[in-house]
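Have a look at the structure below before the remarks.
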Amino acid sequence: MRTVEDGARVEAIAEYGIVGAPVEPSLVSLAQLAATLCQVPTAVVNIIDDRAQHQVAAVGFDAGVCGREDSMCAVVLQDARHVLVPDAQRDRRFIDNPFVTGELGHVRFYASSPLITPAGISIGTLCVFDETTGSLTAAQSAALDLLAHQAVEVLELRRLTQELARSNGELAHFAGQVSHDLRNPLTALVGHLDLAAEAAASGELPRAVRAVDQAEAAATRMEGMITDLLAYARAGGAQPRRDRTSLREIVATALDDLAAVISAAGASVTATIADETDTVVGDPMLLSLLMQNLVANAVKFARATGIRPLVEITAVRAEQGWSVTIDDNGPGVPVDQRDRVFGAMERGEARDVPGLGLGLATCRRIVQTHGGRISIDDSPLGGARLRVTLRD
């Protein structure tokens, strides 16, 4: 059965994009250095998810994949500490392991150091082993720990490089799409003002009034777009504040700001915060913006289907922070689009719904700057469930 820890580990591993990718030369170099310093013929960088151990860099043998149940490193993964086993055939944790019994290998000496992400998640090991018994000095053990830390640094650099490439591509798309989307209401605004001027000059006051009303509507659309753009930019700016604030107050502020939108849609929005101690750590303004976007998005898409929007906000204390869900009775999001809709300028299949497609992209930016996660699932109300986890 997959545990909460396994889920967090799988998500963390996915961010590095290392499993199934071409071998990372820097990781191979670290494995080689580990084998040399520990004076053994074999070393490997293991990434361990909920099902398998992926040998992403190896020295002394060909890297491969094995089931998690067969992995020696998976046995000590949860401890997330340095492990030294002079003789695996005499260690009760490994005596029946296929890598020890001869079924998959003949390991006797084994040592490993955990790969721990900056968020504190253990995702694998850097291990060394030999078919003869052995040991490590204190200096060698410390060196193995240091090399494991360096392996995580390599993975972090890989993640940031990939993120930068995605960001640059997104920025190019973003600039082109913004230019296109803002040009439409601007053209409409200018055209309606010209019509109003012509009508007024010819004494056709009713036609002039209608043209001014249409110009005002175009200006309002532009204002909304610019507000979305500023919110998106703000969410990707400086590091957020880390204040202790009331989650109830954040939700209340967001709903107050959306009062007119909720009323106009005839929506029903309820909020339930299960824990009496509702303190959350983060930037109050950004967290309020997060709630605004999530609720406004739910109301907008439900209303677009022609039904009365129902939105339920639920917040419960989780092990390391808060789990917040926003359920709606809208059209939902198809499974194959649930990752894509978090991209800037993405609107999924609902392209007839007004907006730049920045709402969920802004939400993801805010959640990520707070070290949290956001995902989409099916809602008991029939629409989408947006789930946000915020770490303390």
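By order in the structure tokens, chains are A, B, ...; within a chain, residues start at 1; ligands start at 1, following the order shown.
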
- Item | 10 Å contact set for Ala265 (chain A), only C-alpha atoms, chain neighbours under 4 positions out, as a list in words |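 Non-adjacent residues within range: Ala260, Val261, Val299, Lys300, Ala302, Arg303, Ala304, Gly306, Ile307, Arg308 and Pro309 of chain A.
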
- Message: as a VMD selection string, please: the residues near Leu144 (chain A) (cut-off 12 Å, only C-alpha atoms, same-chain neighbours under 6 positions excluded).
- Response: chain A and resid 30 to 39 43 to 45 81 to 84 111 to 115 125 to 128 136 to 138 150 to 151

Mind dumping a table of every region 42-105 of chain A residue within 12 Å of region 152-155 of chain A, with the nearest atom pair and its distance in Å to one decimal, using only C-alpha atoms, sorted by chain and rising number, as CSV?
```
residue,atom,partner,partner_atom,distance
A:Val45,CA,A:Val152,CA,10.2
A:Asn46,CA,A:Val152,CA,11.4
A:Ile47,CA,A:Val152,CA,10.8
A:Val56,CA,A:Leu155,CA,11.2
```

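Taking only C-alpha atoms into account, Asp62 (chain A) lies nearest to A:Val23 out of the set A:Val23, A:Ala88, A:Ala80, A:Val269.
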
- Arg241 (chain A) surroundings by only C-alpha atoms, 10 Å radius, close-in-sequence under 3 positions cut, as a PyMOL selection string: chain A and resi 238+244+281-286+370

Which parts of region 261-380 of chain A does DSSP call alpha helix (DSSP H) when run on the backbone here, written out as a short mmCIF file (atom, residue, chain, number, x, y, z; two decimals) with N, CA, C and O atoms, in the first residue's frame?
```cif
data_model
loop_
_atom_site.label_atom_id
_atom_site.label_comp_id
_atom_site.auth_asym_id
_atom_site.auth_seq_id
_atom_site.Cartn_x
_atom_site.Cartn_y
_atom_site.Cartn_z
N VAL A 261 -18.42 39.05 -7.26
CA VAL A 261 -18.37 37.96 -8.24
C VAL A 261 -19.29 36.81 -7.81
O VAL A 261 -20.04 36.26 -8.62
N ILE A 262 -19.23 36.47 -6.54
CA ILE A 262 -20.05 35.38 -6.01
C ILE A 262 -21.53 35.72 -6.12
O ILE A 262 -22.36 34.90 -6.53
N SER A 263 -21.87 36.97 -5.78
CA SER A 263 -23.26 37.41 -5.84
C SER A 263 -23.78 37.41 -7.28
O SER A 263 -24.89 36.95 -7.56
N ALA A 264 -22.98 37.93 -8.20
CA ALA A 264 -23.40 38.01 -9.60
C ALA A 264 -23.64 36.63 -10.20
O ALA A 264 -24.51 36.46 -11.06
N ALA A 265 -22.88 35.63 -9.73
CA ALA A 265 -23.03 34.27 -10.26
C ALA A 265 -24.11 33.49 -9.52
O ALA A 265 -24.45 32.37 -9.92
N PRO A 284 0.62 36.46 3.94
CA PRO A 284 -0.85 36.63 3.97
C PRO A 284 -1.43 37.13 2.66
O PRO A 284 -2.48 36.66 2.22
N MET A 285 -0.74 38.08 2.01
CA MET A 285 -1.28 38.63 0.78
C MET A 285 -1.30 37.58 -0.33
O MET A 285 -2.28 37.43 -1.06
N LEU A 286 -0.20 36.83 -0.46
CA LEU A 286 -0.14 35.81 -1.50
C LEU A 286 -1.11 34.67 -1.23
O LEU A 286 -1.74 34.14 -2.16
N LEU A 287 -1.24 34.28 0.03
CA LEU A 287 -2.17 33.20 0.37
C LEU A 287 -3.62 33.63 0.12
O LEU A 287 -4.45 32.83 -0.32
N SER A 288 -3.92 34.91 0.39
CA SER A 288 -5.26 35.41 0.09
C SER A 288 -5.48 35.42 -1.42
O SER A 288 -6.57 35.06 -1.91
N LEU A 289 -4.46 35.80 -2.18
CA LEU A 289 -4.55 35.78 -3.64
C LEU A 289 -4.75 34.36 -4.14
O LEU A 289 -5.51 34.12 -5.09
N LEU A 290 -4.08 33.40 -3.50
CA LEU A 290 -4.26 31.99 -3.85
C LEU A 290 -5.71 31.57 -3.69
O LEU A 290 -6.31 30.98 -4.61
N MET A 291 -6.30 31.88 -2.53
CA MET A 291 -7.69 31.51 -2.30
C MET A 291 -8.63 32.22 -3.27
O MET A 291 -9.59 31.64 -3.77
N GLN A 292 -8.35 33.49 -3.54
CA GLN A 292 -9.18 34.24 -4.49
C GLN A 292 -9.20 33.55 -5.85
O GLN A 292 -10.26 33.36 -6.46
N ASN A 293 -8.03 33.20 -6.34
CA ASN A 293 -7.93 32.58 -7.65
C ASN A 293 -8.64 31.24 -7.71
O ASN A 293 -9.33 30.92 -8.68
N LEU A 294 -8.46 30.43 -6.66
CA LEU A 294 -9.07 29.10 -6.66
C LEU A 294 -10.59 29.18 -6.61
O LEU A 294 -11.29 28.46 -7.34
N VAL A 295 -11.11 30.06 -5.76
CA VAL A 295 -12.56 30.20 -5.64
C VAL A 295 -13.14 30.84 -6.91
O VAL A 295 -14.15 30.38 -7.44
N ALA A 296 -12.50 31.91 -7.38
CA ALA A 296 -12.99 32.59 -8.58
C ALA A 296 -12.99 31.64 -9.77
O ALA A 296 -13.92 31.65 -10.60
N ASN A 297 -11.96 30.82 -9.88
CA ASN A 297 -11.88 29.85 -10.97
C ASN A 297 -13.03 28.85 -10.89
O ASN A 297 -13.68 28.53 -11.89
N ALA A 298 -13.28 28.36 -9.67
CA ALA A 298 -14.36 27.39 -9.47
C ALA A 298 -15.71 27.99 -9.85
O ALA A 298 -16.52 27.36 -10.54
N VAL A 299 -15.96 29.22 -9.39
CA VAL A 299 -17.22 29.89 -9.68
C VAL A 299 -17.37 30.14 -11.19
O VAL A 299 -18.42 29.88 -11.78
N LYS A 300 -16.30 30.63 -11.81
CA LYS A 300 -16.35 30.98 -13.23
C LYS A 300 -16.66 29.78 -14.11
O LYS A 300 -17.54 29.86 -15.00
N PHE A 301 -15.99 28.66 -13.88
CA PHE A 301 -16.19 27.51 -14.76
C PHE A 301 -17.51 26.80 -14.48
O PHE A 301 -18.13 26.26 -15.40
N ALA A 302 -17.95 26.81 -13.23
CA ALA A 302 -19.26 26.22 -12.93
C ALA A 302 -20.36 27.06 -13.58
O ALA A 302 -21.30 26.53 -14.18
N ARG A 303 -20.24 28.38 -13.46
CA ARG A 303 -21.25 29.27 -14.03
C ARG A 303 -21.31 29.13 -15.55
O ARG A 303 -22.39 29.23 -16.15
N ALA A 304 -20.15 28.89 -16.17
CA ALA A 304 -20.11 28.78 -17.63
C ALA A 304 -20.92 27.60 -18.15
O ALA A 304 -21.31 27.58 -19.32
N GLY A 359 -4.96 31.94 -13.95
CA GLY A 359 -5.41 31.70 -12.59
C GLY A 359 -4.69 30.55 -11.91
O GLY A 359 -4.10 30.71 -10.84
N LEU A 360 -4.70 29.36 -12.53
CA LEU A 360 -4.06 28.20 -11.92
C LEU A 360 -2.54 28.30 -11.97
O LEU A 360 -1.85 27.79 -11.09
N ALA A 361 -2.01 28.96 -13.01
CA ALA A 361 -0.56 29.18 -13.07
C ALA A 361 -0.11 30.05 -11.90
O ALA A 361 0.92 29.81 -11.28
N THR A 362 -0.90 31.08 -11.59
CA THR A 362 -0.60 31.94 -10.44
C THR A 362 -0.67 31.14 -9.15
O THR A 362 0.19 31.26 -8.28
N CYS A 363 -1.69 30.28 -9.03
CA CYS A 363 -1.84 29.46 -7.83
C CYS A 363 -0.63 28.55 -7.65
O CYS A 363 -0.11 28.41 -6.53
N ARG A 364 -0.19 27.94 -8.74
CA ARG A 364 0.96 27.04 -8.62
C ARG A 364 2.21 27.81 -8.19
O ARG A 364 2.97 27.32 -7.34
N ARG A 365 2.40 28.99 -8.73
CA ARG A 365 3.56 29.79 -8.33
C ARG A 365 3.53 30.09 -6.84
O ARG A 365 4.53 29.98 -6.14
N ILE A 366 2.36 30.50 -6.34
CA ILE A 366 2.24 30.86 -4.93
C ILE A 366 2.51 29.64 -4.06
O ILE A 366 3.26 29.71 -3.06
N VAL A 367 1.89 28.51 -4.41
CA VAL A 367 2.07 27.29 -3.61
C VAL A 367 3.52 26.85 -3.61
O VAL A 367 4.08 26.49 -2.56
N GLN A 368 4.16 26.89 -4.76
CA GLN A 368 5.56 26.45 -4.85
C GLN A 368 6.50 27.36 -4.07
O GLN A 368 7.46 26.90 -3.45
N THR A 369 6.22 28.68 -4.08
CA THR A 369 7.08 29.59 -3.31
C THR A 369 6.92 29.37 -1.81
O THR A 369 7.78 29.76 -1.03
#
```

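If you count only C-alpha atoms and ignore residues fewer than 6 places along the chain from Thr314 (chain A), what sits within 10 Å of it is A:Thr270, A:Ala271, A:Thr272, A:Ile273, A:Ala274, A:Ser323, A:Val324, A:Thr325, A:Ile326, A:Asp327, A:Arg387.
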
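For Asp87 (chain A), the residues within 8 Å (counting only C-alpha atoms, excluding itself and residues fewer than 2 positions away along the chain) are Val85, Gln89, Arg90, Asp91, Arg108, Phe109, Tyr110, Thr132, Thr133 and Gly134 of chain A.
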
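Considering only C-alpha atoms, the residue among A:Gln320, A:Gln140, A:Thr279, A:Ser71 positioned nearest to Ala119 (chain A) is A:Gln320.
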
- Task: Pick out the residues sitting within 10 Å of Gly383 (chain A), and hand them over as a PyMOL selection string; count only C-alpha atoms, and ignore anything fewer than 2 positions along from it in its own chain.
- Result: chain A and resi 298+301-302+310-311+327-333+377-381+385-386

- Task: Rank nothing, just name the residue among A:Gly382, A:Gly372, A:Gly124, A:Gly203 nearest to Asp49 (chain A), using only C-alpha atoms.
- Result: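 Ranking A:Gly382, A:Gly372, A:Gly124, A:Gly203 by distance to Asp49 (chain A), first place goes to A:Gly124.
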
Which parts of region 87-135 of chain A does DSSP call strand (DSSP E) when run on the backbone here, written out as a JSON list (two decimals) with N, CA, C and O atoms, in the first residue's frame?
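Written file, part-v1.json:
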```
[["chain", "number", "residue", "atom", "x", "y", "z"],
["A", 109, "PHE", "N", 30.04, -6.90, 2.24],
["A", 109, "PHE", "CA", 30.20, -5.57, 2.83],
["A", 109, "PHE", "C", 29.23, -4.59, 2.15],
["A", 109, "PHE", "O", 29.08, -4.59, 0.93],
["A", 110, "TYR", "N", 28.58, -3.75, 2.98],
["A", 110, "TYR", "CA", 27.61, -2.78, 2.45],
["A", 110, "TYR", "C", 27.65, -1.51, 3.30],
["A", 110, "TYR", "O", 27.69, -1.58, 4.53],
["A", 111, "ALA", "N", 27.64, -0.37, 2.63],
["A", 111, "ALA", "CA", 27.55, 0.92, 3.33],
["A", 111, "ALA", "C", 26.77, 1.89, 2.44],
["A", 111, "ALA", "O", 26.89, 1.85, 1.21],
["A", 112, "SER", "N", 25.98, 2.74, 3.07],
["A", 112, "SER", "CA", 25.20, 3.69, 2.28],
["A", 112, "SER", "C", 24.96, 4.97, 3.06],
["A", 112, "SER", "O", 24.98, 4.98, 4.29],
["A", 113, "SER", "N", 24.75, 6.05, 2.30],
["A", 113, "SER", "CA", 24.36, 7.34, 2.87],
["A", 113, "SER", "C", 23.13, 7.80, 2.11],
["A", 113, "SER", "O", 23.03, 7.62, 0.90],
["A", 114, "PRO", "N", 22.17, 8.39, 2.82],
["A", 114, "PRO", "CA", 20.90, 8.76, 2.19],
["A", 114, "PRO", "C", 21.01, 9.98, 1.29],
["A", 114, "PRO", "O", 21.83, 10.87, 1.53],
["A", 115, "LEU", "N", 20.16, 10.02, 0.27],
["A", 115, "LEU", "CA", 20.00, 11.21, -0.57],
["A", 115, "LEU", "C", 18.77, 11.94, -0.04],
["A", 115, "LEU", "O", 17.64, 11.48, -0.22],
["A", 116, "ILE", "N", 18.98, 13.05, 0.61],
["A", 116, "ILE", "CA", 17.90, 13.79, 1.25],
["A", 116, "ILE", "C", 17.73, 15.14, 0.56],
["A", 116, "ILE", "O", 18.68, 15.93, 0.47],
["A", 122, "SER", "N", 13.75, 11.70, 1.88],
["A", 122, "SER", "CA", 14.77, 10.73, 1.50],
["A", 122, "SER", "C", 14.31, 10.03, 0.22],
["A", 122, "SER", "O", 13.27, 9.37, 0.19],
["A", 123, "ILE", "N", 15.09, 10.18, -0.87],
["A", 123, "ILE", "CA", 14.67, 9.65, -2.17],
["A", 123, "ILE", "C", 15.56, 8.51, -2.65],
["A", 123, "ILE", "O", 15.30, 7.95, -3.73],
["A", 124, "GLY", "N", 16.58, 8.14, -1.90],
["A", 124, "GLY", "CA", 17.46, 7.07, -2.33],
["A", 124, "GLY", "C", 18.75, 7.06, -1.54],
["A", 124, "GLY", "O", 18.82, 7.59, -0.41],
["A", 125, "THR", "N", 19.78, 6.47, -2.12],
["A", 125, "THR", "CA", 21.06, 6.33, -1.41],
["A", 125, "THR", "C", 22.23, 6.43, -2.39],
["A", 125, "THR", "O", 22.08, 6.23, -3.60],
["A", 126, "LEU", "N", 23.37, 6.72, -1.82],
["A", 126, "LEU", "CA", 24.64, 6.48, -2.48],
["A", 126, "LEU", "C", 25.25, 5.33, -1.69],
["A", 126, "LEU", "O", 25.50, 5.47, -0.48],
["A", 127, "CYS", "N", 25.41, 4.18, -2.32],
["A", 127, "CYS", "CA", 25.92, 3.03, -1.57],
["A", 127, "CYS", "C", 27.16, 2.43, -2.23],
["A", 127, "CYS", "O", 27.37, 2.56, -3.44],
["A", 128, "VAL", "N", 27.95, 1.80, -1.39],
["A", 128, "VAL", "CA", 29.14, 1.07, -1.85],
["A", 128, "VAL", "C", 29.04, -0.35, -1.28],
["A", 128, "VAL", "O", 28.48, -0.56, -0.21],
["A", 129, "PHE", "N", 29.58, -1.31, -2.02],
["A", 129, "PHE", "CA", 29.52, -2.69, -1.51],
["A", 129, "PHE", "C", 30.60, -3.55, -2.14],
["A", 129, "PHE", "O", 31.23, -3.15, -3.14],
["A", 130, "ASP", "N", 30.78, -4.72, -1.56],
["A", 130, "ASP", "CA", 31.83, -5.64, -2.03],
["A", 130, "ASP", "C", 31.38, -7.06, -1.72],
["A", 130, "ASP", "O", 30.50, -7.29, -0.87]]
```

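Interatomic distance, CA of Glu103 (chain A) to CA of Val19 (chain A): 25.1 Å.
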
- Query: Between A:Ile250, A:Ile18, A:Ala12, A:Ala318, which is the closest to Arg158 (chain A) once you count only C-alpha atoms?
  - Reply: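 The closest residue to Arg158 (chain A) is A:Ile18.
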